[in-house]
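Notes for the one structure printed next.
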Amino acid sequence: MSNPEFVVKGARWRGENVDVLVAEGRILELRPTGNYMYTGAQKIPAGGALLLPALTDCHVHLRDPGFEYKEDIVSGLGAAAQGGFANIMCMANTRPTNDEAAVTRMMLEKARRAWKNGPRLFPVAALTRGLAGTELTELAEMRGAGCVAASNDGLPVRSSELFRRGVEYAADAGMIVIDHCEDPDMAPGAGVNEGEVSSRLGLKGQPVAAEAMQVVRDILLAEYLGLPIHIAHVSCRQAVELLAWAKGRGVPVTAETCPHYLLLTDEAVHSYDTAAKVSPPLRTQDDVLAVRQALRDGVIDILVTDHAPHAAHEKEVPFCEAPNGISGLDTALPLTMRMVDEGILDMETALRAWCHRPAEIFGLPVCAFNRDDPADFVLYDPGAPWELTPERMRSKGKNTPFMGQTLPGRVNALFVDGVRIV
Amino acid sequence: MHWTHKDLLDVCDLSTGDVERIFETADSFMEINRRPVKKVPTLKGKSVVLFFAEPSTRTKTSFDVAAKRLSADSFSLAKSGSSLSKGESLKDTVWTLEAMNPDAIVLRDSRSGAARFIAERLNCSVINAGDGWHAHPTQALLDAFTLRRAWGGDFTGRTVTILGDIAHSRVARSNVNLLTRLGATVRVCGPRTLLPPRLDSWPVTVCHDLDSGVDGADAVMCLRLQLERQQDGLLPSLREYAQTWGLSRRAMRKAKGGAKVLHPGPINRGVEIASDLADDADSLILDQVASGVAVRMALLFLFLTRKD
């Protein structure tokens, strides 16, 4: 056995104290902490911090190029690193749109220059040129440039015919299509659920049916074509029940949700709080319970942040004018750990949803602490509560409905390919 | 007894005691409004900005008259004449207004929540003169004040039907809240395309046809039908709306004898209300206008003297 270059000593893993042995960026061994000398290896005391595989976020908006005042690749990956993420998939709604390989290469070059050791960036290609929903993009070339999936996120393709062709074409390019499910005519982007709260506040809301109808379209297409489709940010019970039905039939759909759909309802907008304006909108407690259960059952495969940073002045406007989105990279892991503490999720579900399933679905690296796995891991201190303030967020986007809350712990260290990033 | 509220954003901010105090104060101003010289020096030296970012004639005039009768200085700002039409954000406009140090801002804005937005950022009083579909507290107060005078003060056992475009109506939302708290039973009635979602969470009964909506009512409050609802695809035609939902003398036969008719104005004669009914003896439409001035005088008085 080769010798470790470094050893992380005394981390907590599934209730045990362990040492992590790393060489050449890979895991050598995970073993119970003992009286080992590890001669010649650097020793990093974990101080009892929790050891976790580094996280993967398959749904992030980095705003770069074009909207660098909201976020850029450097700041966004910085927030990702502080958040415990080794892999980031960024959506194509930049300016110019990531709809050709040159844009993809430019994004990757910028990421490499600023964060050469990670977090790794995996751009998502626009499914249609300019996200306009009329012509497919050159997905094969974009795949070659480094895109790992294709999506019209935020601007779902209205034409079911074109969407079908996109799913087929993407499959040949070796990519899965990610679909933001929202009927293009039923209050798209309303940012508030159609229900008691919107009724009281006099806001035009989006009904859950607007989301669920597009989920139905995608399920039927995925079954008919026998090709995978990944459903973005599921927010409601109807969508969850349809997905359960589809998966029961063996339809190759996968799905994601976000921490805010597990923790918040439309009551969060009761005083027109634009920080809680997001698409799809926050739903009701019944939806929250359904989404939680679906995540536990595996009907929803993965967690993502849908990190959508905005400048403060863009959110400080009357509700109807505010852009949709929640800044999520800084808070994802602490909020997840809070849900584990509260029994909403168990640790295995959390790790499956943030680490293992995203890697399986999109073919990304992941660490299961087996020999030769990439040494991508996090040391998380569960006993270091902190108050979420704008100053403590690494993202440029301070738009979060969790602002001011106490989060239970923090990332002490992030390793990607055995290199300490945080 | 000091008036403790800084702002009036909606009627739910007010206790029933507050409402009663507003009504009693308005009663005394009704008397002033009947005098030959309708001006008192009560608010001399106070200034009120009337910031109407959405077209309005009667509410704005009503506030203007109310301010002038109390000797307050009122300044008007319309959206077309303001920098809001030049792309300035509401926040910046509001800070500019604050720098002028008014005692109160009366705001009309087409965006739900706009009144709360500026109230959270201003030290002066903010009186909501209508924000989007959300709330129109001064209208609800004047409507209730008008009915109170017509009914001798008692709302218990009375049924008020609000008829028409409930979904897009700030008048309906504020009236439902206030009238139910005063003890009335409220019905809402209109085509399903113009009803808001989850009416089961409102303290109302819902009627899906005009006859059952009007049946046995003590008052029917007709809402203005915004003509753009047809373009929005919510109605096939004004003609069919008038035939199906228009309030007429014939429809009012189902209501209680002497039932009152209200309308916040401006009315579309022959659309939501038949012309002859609007001019009927039981129509309170012009009483609403007179009440409006008195109620707004009461509100300006209470809010502008709260620190004195």
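Ordering of the structure tokens sets the chain letters (A, B, ...); residue numbers start at 1 within each chain; ligands are numbered from 1 in the order shown.
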
Counting only C-alpha atoms, which residues of chain B fall within 6 Å of chain A, and what is the closest atom pair for each with its distance in Å at one decimal, ordered by chain and rising number, as JSON lines?
{"residue": "B:Ala114", "atom": "CA", "partner": "A:Pro318", "partner_atom": "CA", "distance": 5.6}
{"residue": "B:Trp133", "atom": "CA", "partner": "A:Gly202", "partner_atom": "CA", "distance": 4.6}
{"residue": "B:His134", "atom": "CA", "partner": "A:Gly202", "partner_atom": "CA", "distance": 4.3}
{"residue": "B:Pro196", "atom": "CA", "partner": "A:Ser199", "partner_atom": "CA", "distance": 5.8}
{"residue": "B:Pro197", "atom": "CA", "partner": "A:Ser199", "partner_atom": "CA", "distance": 5.8}
{"residue": "B:Arg198", "atom": "CA", "partner": "A:Glu196", "partner_atom": "CA", "distance": 5.5}

For C-alpha atoms, I'd like the residues from the last selection saved as a PDB file, in the first residue's frame.
ATOM      1  CA  ALA B 114     -46.709  49.424  -2.711  1.00  0.00           C
ATOM      2  CA  TRP B 133     -55.709  44.563  -6.081  1.00  0.00           C
ATOM      3  CA  HIS B 134     -54.776  44.524  -2.430  1.00  0.00           C
ATOM      4  CA  PRO B 196     -60.159  35.238  -6.504  1.00  0.00           C
ATOM      5  CA  PRO B 197     -58.730  31.815  -5.622  1.00  0.00           C
ATOM      6  CA  ARG B 198     -59.414  30.105  -2.310  1.00  0.00           C
TER       7      ARG B 198
END

(request) as a PyMOL selection string, list the residues of stretch 38-282 of chain B assigned to strand (DSSP E) by DSSP on the backbone atoms of this structure. (result) chain B and resi 47-52+73-78+104-109+125-131+159-163+185-189+205-207+219-222+260-262

Could those residues be written to a file, using C-alpha atoms, as a tab-separated table (two decimals), in the first residue's frame?
chain	number	residue	atom	x	y	z
B	47	SER	CA	-48.43	69.22	4.69
B	48	VAL	CA	-49.77	66.25	2.79
B	49	VAL	CA	-48.36	64.84	-0.43
B	50	LEU	CA	-50.93	63.26	-2.72
B	51	PHE	CA	-48.86	60.79	-4.69
B	52	PHE	CA	-51.10	59.14	-7.22
B	73	ASP	CA	-51.24	72.19	2.52
B	74	SER	CA	-51.61	69.50	-0.09
B	75	PHE	CA	-49.20	68.84	-2.93
B	76	SER	CA	-50.05	66.65	-5.84
B	77	LEU	CA	-47.71	64.38	-7.66
B	78	ALA	CA	-48.87	62.32	-10.59
B	104	ALA	CA	-48.22	62.39	5.45
B	105	ILE	CA	-48.15	60.80	2.02
B	106	VAL	CA	-51.34	59.57	0.45
B	107	LEU	CA	-50.38	56.91	-2.05
B	108	ARG	CA	-52.23	55.38	-4.96
B	109	ASP	CA	-50.26	52.76	-6.85
B	125	SER	CA	-47.52	58.72	7.87
B	126	VAL	CA	-48.52	56.76	4.81
B	127	ILE	CA	-52.18	56.51	3.93
B	128	ASN	CA	-52.98	53.87	1.36
B	129	ALA	CA	-55.35	55.26	-1.24
B	130	GLY	CA	-55.36	51.95	-3.10
B	131	ASP	CA	-52.55	49.54	-3.90
B	159	THR	CA	-76.26	41.21	4.56
B	160	VAL	CA	-74.09	43.06	2.09
B	161	THR	CA	-73.45	41.61	-1.34
B	162	ILE	CA	-70.34	42.66	-3.21
B	163	LEU	CA	-71.00	42.13	-6.88
B	185	THR	CA	-72.71	39.10	6.69
B	186	VAL	CA	-70.91	39.49	3.40
B	187	ARG	CA	-71.54	37.70	0.15
B	188	VAL	CA	-69.42	37.94	-2.92
B	189	CYS	CA	-70.99	37.35	-6.30
B	205	THR	CA	-70.40	33.19	1.20
B	206	VAL	CA	-69.96	32.87	-2.54
B	207	CYS	CA	-72.79	33.16	-5.04
B	219	ALA	CA	-77.23	46.33	0.40
B	220	VAL	CA	-75.53	45.53	-2.87
B	221	MET	CA	-72.16	47.01	-3.60
B	222	CYS	CA	-71.50	47.01	-7.30
B	260	LYS	CA	-79.25	50.13	-0.63
B	261	VAL	CA	-77.06	50.27	-3.70
B	262	LEU	CA	-73.45	51.35	-3.52

(request) Quote the spacing between atom CA of B:Gly113 and atom CA of B:Ala135 in Å to one decimal place. (result) 8.6 Å

(message) At a cut-off of 9 Å, using only C-alpha atoms, what residues contact A:Leu345? Leave out same-chain residues fewer than 4 positions from it and give the result as a ChimeraX atom specification.
(response) /A:292-293,295-296,336-337,339-341,349-350

(message) Rounded to one decimal, what separation in Å do you get between atom CA of B:His2 and atom CA of B:Arg21?
(response) 11.3 Å

Which neighbours of A:Leu329 fall inside 9 Å, counting only C-alpha atoms, when residues of the same chain fewer than 4 positions from it are skipped, and could you give them as a compact mmCIF listing (two decimals) with C-alpha atoms, in the first residue's frame?
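Once written, result11.txt looks like this:
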# COMPACT_ATOMS: atom_id res chain seq x y z
CA ASP A 57 -25.15 21.30 -7.02
CA VAL A 60 -26.94 27.12 -10.10
CA GLY A 76 -20.13 32.08 -7.21
CA ALA A 79 -19.66 30.70 -2.29
CA ALA A 80 -19.85 27.12 -3.54
CA ALA A 81 -16.52 26.28 -1.92
CA GLN A 82 -17.55 27.81 1.38
CA GLY A 83 -20.80 25.89 1.05
CA GLY A 84 -19.03 22.54 0.70
CA PHE A 85 -19.55 21.95 -3.02
CA THR A 305 -29.96 25.13 -4.60
CA ASP A 306 -31.33 26.82 -7.75
CA HIS A 307 -28.92 29.49 -6.52
CA LEU A 333 -25.57 22.55 3.74
CA MET A 393 -22.51 35.37 2.75
CA ARG A 394 -19.83 34.71 0.17
CA SER A 395 -22.23 35.05 -2.74

(message) I'd like the neighbourhood of A:Glu141 as a list in words, where a residue qualifies if any of its atoms comes within 10 Å (using only C-alpha atoms), though same-chain residues fewer than 5 positions away should be ignored.
(response) Glu100, Ala101, Ala102, Gly146, Cys147 and Ala173 of chain A

How about saving the chosen residues, N, CA, C and O atoms kept, as a compact mmCIF listing (two decimals), in the first residue's frame?
# COMPACT_ATOMS: atom_id res chain seq x y z
N GLU A 100 -23.43 28.35 -27.31
CA GLU A 100 -22.42 27.83 -28.23
C GLU A 100 -21.13 27.56 -27.46
O GLU A 100 -20.89 28.10 -26.37
N ALA A 101 -20.32 26.73 -28.09
CA ALA A 101 -19.15 26.20 -27.39
C ALA A 101 -18.20 27.30 -26.93
O ALA A 101 -17.55 27.18 -25.88
N ALA A 102 -18.12 28.39 -27.69
CA ALA A 102 -17.20 29.46 -27.31
C ALA A 102 -17.56 30.03 -25.94
O ALA A 102 -16.67 30.36 -25.13
N GLY A 146 -17.52 20.85 -22.85
CA GLY A 146 -17.60 20.64 -21.41
C GLY A 146 -18.98 20.74 -20.79
O GLY A 146 -19.12 20.62 -19.58
N CYS A 147 -20.02 20.95 -21.59
CA CYS A 147 -21.37 20.98 -21.02
C CYS A 147 -21.80 19.54 -20.69
O CYS A 147 -21.47 18.61 -21.42
N ALA A 173 -26.13 13.43 -28.09
CA ALA A 173 -24.95 14.18 -27.66
C ALA A 173 -24.47 13.72 -26.28
O ALA A 173 -23.53 14.29 -25.73

(message) My list of candidates is B:Leu70, B:Cys124, B:Val37, B:Leu182. Which is closest to B:Gly17 when distances are computed with only C-alpha atoms?
(response)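 Under the stated criterion, the closest residue is B:Leu182.
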
(request) Tell me which protein, DNA and RNA residues are within 10 Å of B:Glu24, counting only C-alpha atoms, leaving out same-chain ones fewer than 6 positions away, and put them as a ChimeraX atom specification. (result) /B:18,30,145,295,298

Residues from last step as file, all heavy atoms, as a PDB file, in the first residue's frame:
ATOM      1  N   ASP B  18     -60.820  51.698  16.940  1.00  0.00           N
ATOM      2  CA  ASP B  18     -60.247  52.695  16.025  1.00  0.00           C
ATOM      3  C   ASP B  18     -61.272  53.102  14.964  1.00  0.00           C
ATOM      4  O   ASP B  18     -61.406  54.274  14.620  1.00  0.00           O
ATOM      5  CB  ASP B  18     -59.019  52.127  15.300  1.00  0.00           C
ATOM      6  CG  ASP B  18     -57.847  51.844  16.226  1.00  0.00           C
ATOM      7  OD1 ASP B  18     -57.717  52.538  17.250  1.00  0.00           O
ATOM      8  OD2 ASP B  18     -57.054  50.925  15.910  1.00  0.00           O
ATOM      9  N   MET B  30     -68.822  65.876   8.965  1.00  0.00           N
ATOM     10  CA  MET B  30     -70.004  65.963   8.092  1.00  0.00           C
ATOM     11  C   MET B  30     -70.726  67.274   8.378  1.00  0.00           C
ATOM     12  O   MET B  30     -71.230  67.929   7.470  1.00  0.00           O
ATOM     13  CB  MET B  30     -70.962  64.789   8.340  1.00  0.00           C
ATOM     14  CG  MET B  30     -70.520  63.455   7.784  1.00  0.00           C
ATOM     15  SD  MET B  30     -70.432  63.381   5.987  1.00  0.00           S
ATOM     16  CE  MET B  30     -72.112  62.886   5.568  1.00  0.00           C
ATOM     17  N   PHE B 145     -69.081  53.756   6.596  1.00  0.00           N
ATOM     18  CA  PHE B 145     -69.604  54.969   7.222  1.00  0.00           C
ATOM     19  C   PHE B 145     -70.936  55.367   6.574  1.00  0.00           C
ATOM     20  O   PHE B 145     -71.895  55.745   7.259  1.00  0.00           O
ATOM     21  CB  PHE B 145     -68.565  56.093   7.060  1.00  0.00           C
ATOM     22  CG  PHE B 145     -68.953  57.404   7.685  1.00  0.00           C
ATOM     23  CD1 PHE B 145     -68.949  57.561   9.067  1.00  0.00           C
ATOM     24  CD2 PHE B 145     -69.301  58.494   6.885  1.00  0.00           C
ATOM     25  CE1 PHE B 145     -69.295  58.784   9.639  1.00  0.00           C
ATOM     26  CE2 PHE B 145     -69.642  59.707   7.459  1.00  0.00           C
ATOM     27  CZ  PHE B 145     -69.642  59.858   8.838  1.00  0.00           C
ATOM     28  N   VAL B 295     -64.768  61.222   5.898  1.00  0.00           N
ATOM     29  CA  VAL B 295     -63.924  60.154   6.436  1.00  0.00           C
ATOM     30  C   VAL B 295     -62.450  60.486   6.217  1.00  0.00           C
ATOM     31  O   VAL B 295     -61.603  60.271   7.088  1.00  0.00           O
ATOM     32  CB  VAL B 295     -64.295  58.793   5.787  1.00  0.00           C
ATOM     33  CG1 VAL B 295     -63.213  57.740   6.042  1.00  0.00           C
ATOM     34  CG2 VAL B 295     -65.635  58.310   6.329  1.00  0.00           C
ATOM     35  N   ALA B 298     -61.370  62.967   8.655  1.00  0.00           N
ATOM     36  CA  ALA B 298     -61.142  62.316   9.956  1.00  0.00           C
ATOM     37  C   ALA B 298     -59.784  61.623   9.981  1.00  0.00           C
ATOM     38  O   ALA B 298     -59.035  61.720  10.965  1.00  0.00           O
ATOM     39  CB  ALA B 298     -62.261  61.307  10.231  1.00  0.00           C
TER      40      ALA B 298
END

Could you give me, as a short mmCIF file (atom, residue, chain, number, x, y, z; two decimals) with all heavy atoms, in the first residue's frame, the residues within 6 Å of A:Ile300, counting only C-alpha atoms and dropping anything in the same chain fewer than 4 positions from it?
data_model
loop_
_atom_site.label_atom_id
_atom_site.label_comp_id
_atom_site.auth_asym_id
_atom_site.auth_seq_id
_atom_site.Cartn_x
_atom_site.Cartn_y
_atom_site.Cartn_z
N ALA A 255 -35.66 13.75 -10.71
CA ALA A 255 -36.21 15.03 -10.24
C ALA A 255 -35.38 15.60 -9.11
O ALA A 255 -34.68 14.87 -8.41
CB ALA A 255 -37.66 14.84 -9.79
N GLU A 256 -35.49 16.90 -8.99
CA GLU A 256 -34.77 17.61 -7.93
C GLU A 256 -35.73 18.52 -7.18
O GLU A 256 -36.81 18.87 -7.67
CB GLU A 256 -33.67 18.49 -8.55
CG GLU A 256 -34.25 19.62 -9.42
CD GLU A 256 -33.22 20.42 -10.21
OE1 GLU A 256 -32.23 19.83 -10.69
OE2 GLU A 256 -33.43 21.64 -10.35
N ALA A 294 -41.34 12.71 -0.59
CA ALA A 294 -40.83 12.24 -1.89
C ALA A 294 -39.31 12.18 -1.89
O ALA A 294 -38.72 11.28 -2.49
CB ALA A 294 -41.32 13.17 -2.99
N LEU A 295 -38.69 13.11 -1.22
CA LEU A 295 -37.23 13.09 -1.16
C LEU A 295 -36.77 11.88 -0.33
O LEU A 295 -35.84 11.16 -0.71
CB LEU A 295 -36.72 14.40 -0.55
CG LEU A 295 -35.21 14.58 -0.54
CD1 LEU A 295 -34.65 14.60 -1.95
CD2 LEU A 295 -34.83 15.87 0.19
#

(message) Going by DSSP on the backbone, which residues of stretch 197-296 of chain B come out as helix (DSSP H, G or I)? List them as a PyMOL selection string.
(response) chain B and resi 199-201+210-214+228-231+238-245+249-252+275-278+285-296
